[in-house]
Amino acid sequence: MPFWGVNGILVAGTLWYYLDHFGYPLAFIDATQLSAFALKVPAYLPPTWPSTVLFLWLALLIILRVRR
């Protein structure tokens with residue numbers, strides 16, 4: 001249960017990354033009013049992490065799941 005937040009961050013972050021990457025138009029979001037933080041976030045979202053970090057996260061989550 002405590003890893004639902006991590007999984008949520010991975011899923012939401014991945015969606016956010018690909019929406020930004022492909023320039024998907026979201027008419028209800030005015031990009032000129034986003035904060036400096038919101039404009040920098042796509043550089044730190046899950047798909048931009050090195051693959052070794054993602055594999056380590058996956059291994060950790062599998063180990064914790066099996067351990068239960």
# chains A, B, ... in the order shown; residues from 1 in each chain; ligands from 1
call {"tool": "select_by_dssp", "arguments": {"residues": "stretch 8-58 of chain A", "states": "alpha helix (DSSP H)", "output": "MDAnalysis selection string"}}
result
chainID A and resid 8:21 36:40 51:58
call {"tool": "write_last_selection", "arguments": {"atoms": "N, CA, C and O atoms", "output": "compact mmCIF listing (two decimals), in the first residue's frame"}}
result
# COMPACT_ATOMS: atom_id res chain seq x y z
N GLY A 8 1.86 6.08 -8.60
CA GLY A 8 1.10 7.20 -9.12
C GLY A 8 2.01 8.26 -9.74
O GLY A 8 1.71 8.81 -10.80
N ILE A 9 3.13 8.52 -9.09
CA ILE A 9 4.09 9.48 -9.62
C ILE A 9 4.66 8.97 -10.93
O ILE A 9 4.82 9.73 -11.89
N LEU A 10 4.98 7.68 -11.00
CA LEU A 10 5.52 7.11 -12.24
C LEU A 10 4.50 7.18 -13.37
O LEU A 10 4.84 7.55 -14.50
N VAL A 11 3.26 6.85 -13.10
CA VAL A 11 2.23 6.86 -14.14
C VAL A 11 1.91 8.29 -14.57
O VAL A 11 1.93 8.62 -15.76
N ALA A 12 1.63 9.16 -13.60
CA ALA A 12 1.29 10.54 -13.94
C ALA A 12 2.47 11.25 -14.59
O ALA A 12 2.31 12.01 -15.55
N GLY A 13 3.67 10.99 -14.09
CA GLY A 13 4.85 11.61 -14.66
C GLY A 13 5.11 11.16 -16.09
O GLY A 13 5.51 11.95 -16.94
N THR A 14 4.87 9.88 -16.35
CA THR A 14 5.05 9.37 -17.71
C THR A 14 4.04 10.01 -18.66
O THR A 14 4.39 10.42 -19.78
N LEU A 15 2.79 10.09 -18.23
CA LEU A 15 1.78 10.75 -19.06
C LEU A 15 2.15 12.21 -19.32
O LEU A 15 2.05 12.70 -20.45
N TRP A 16 2.56 12.92 -18.27
CA TRP A 16 2.94 14.33 -18.40
C TRP A 16 4.11 14.47 -19.36
O TRP A 16 4.14 15.37 -20.20
N TYR A 17 5.10 13.59 -19.25
CA TYR A 17 6.27 13.65 -20.12
C TYR A 17 5.87 13.50 -21.58
O TYR A 17 6.29 14.28 -22.44
N TYR A 18 5.05 12.48 -21.90
CA TYR A 18 4.69 12.25 -23.29
C TYR A 18 3.75 13.32 -23.83
O TYR A 18 3.80 13.65 -25.02
N LEU A 19 2.88 13.86 -23.00
CA LEU A 19 2.05 14.98 -23.45
C LEU A 19 2.93 16.16 -23.83
O LEU A 19 2.72 16.82 -24.85
N ASP A 20 3.94 16.44 -23.01
CA ASP A 20 4.86 17.54 -23.31
C ASP A 20 5.73 17.22 -24.52
O ASP A 20 5.93 18.07 -25.39
N HIS A 21 6.24 16.01 -24.60
CA HIS A 21 7.15 15.62 -25.67
C HIS A 21 6.49 15.74 -27.05
O HIS A 21 7.10 16.20 -28.01
N ALA A 36 7.66 28.77 -12.98
CA ALA A 36 8.98 28.35 -13.45
C ALA A 36 9.21 26.87 -13.10
O ALA A 36 9.78 26.12 -13.89
N PHE A 37 8.74 26.45 -11.93
CA PHE A 37 8.86 25.05 -11.52
C PHE A 37 8.12 24.12 -12.48
O PHE A 37 8.64 23.10 -12.91
N ALA A 38 6.89 24.47 -12.84
CA ALA A 38 6.09 23.64 -13.74
C ALA A 38 6.73 23.53 -15.11
O ALA A 38 6.59 22.51 -15.78
N LEU A 39 7.43 24.56 -15.54
CA LEU A 39 8.09 24.51 -16.84
C LEU A 39 9.35 23.64 -16.81
O LEU A 39 9.75 23.08 -17.83
N LYS A 40 9.98 23.50 -15.63
CA LYS A 40 11.20 22.69 -15.50
C LYS A 40 10.92 21.22 -15.22
O LYS A 40 11.78 20.38 -15.44
N SER A 51 18.05 4.67 -17.61
CA SER A 51 17.37 3.39 -17.51
C SER A 51 17.84 2.57 -16.31
O SER A 51 17.09 1.77 -15.76
N THR A 52 19.09 2.78 -15.86
CA THR A 52 19.55 2.02 -14.69
C THR A 52 18.76 2.41 -13.45
O THR A 52 18.46 1.55 -12.62
N VAL A 53 18.40 3.67 -13.33
CA VAL A 53 17.59 4.10 -12.18
C VAL A 53 16.23 3.42 -12.23
O VAL A 53 15.72 2.94 -11.21
N LEU A 54 15.63 3.36 -13.41
CA LEU A 54 14.32 2.72 -13.53
C LEU A 54 14.40 1.23 -13.21
O LEU A 54 13.52 0.68 -12.55
N PHE A 55 15.47 0.57 -13.66
CA PHE A 55 15.63 -0.85 -13.36
C PHE A 55 15.86 -1.07 -11.87
O PHE A 55 15.38 -2.05 -11.30
N LEU A 56 16.59 -0.19 -11.22
CA LEU A 56 16.79 -0.31 -9.77
C LEU A 56 15.47 -0.14 -9.03
O LEU A 56 15.19 -0.87 -8.08
N TRP A 57 14.64 0.83 -9.44
CA TRP A 57 13.32 1.02 -8.83
C TRP A 57 12.47 -0.23 -9.03
O TRP A 57 11.81 -0.70 -8.11
N LEU A 58 12.49 -0.76 -10.24
CA LEU A 58 11.71 -1.96 -10.52
C LEU A 58 12.17 -3.13 -9.67
O LEU A 58 11.36 -3.85 -9.08
call {"tool": "atom_distance", "arguments": {"atom1": "atom CA of A:Ala31", "atom2": "atom CA of A:Leu45"}}
result
17.9 Å
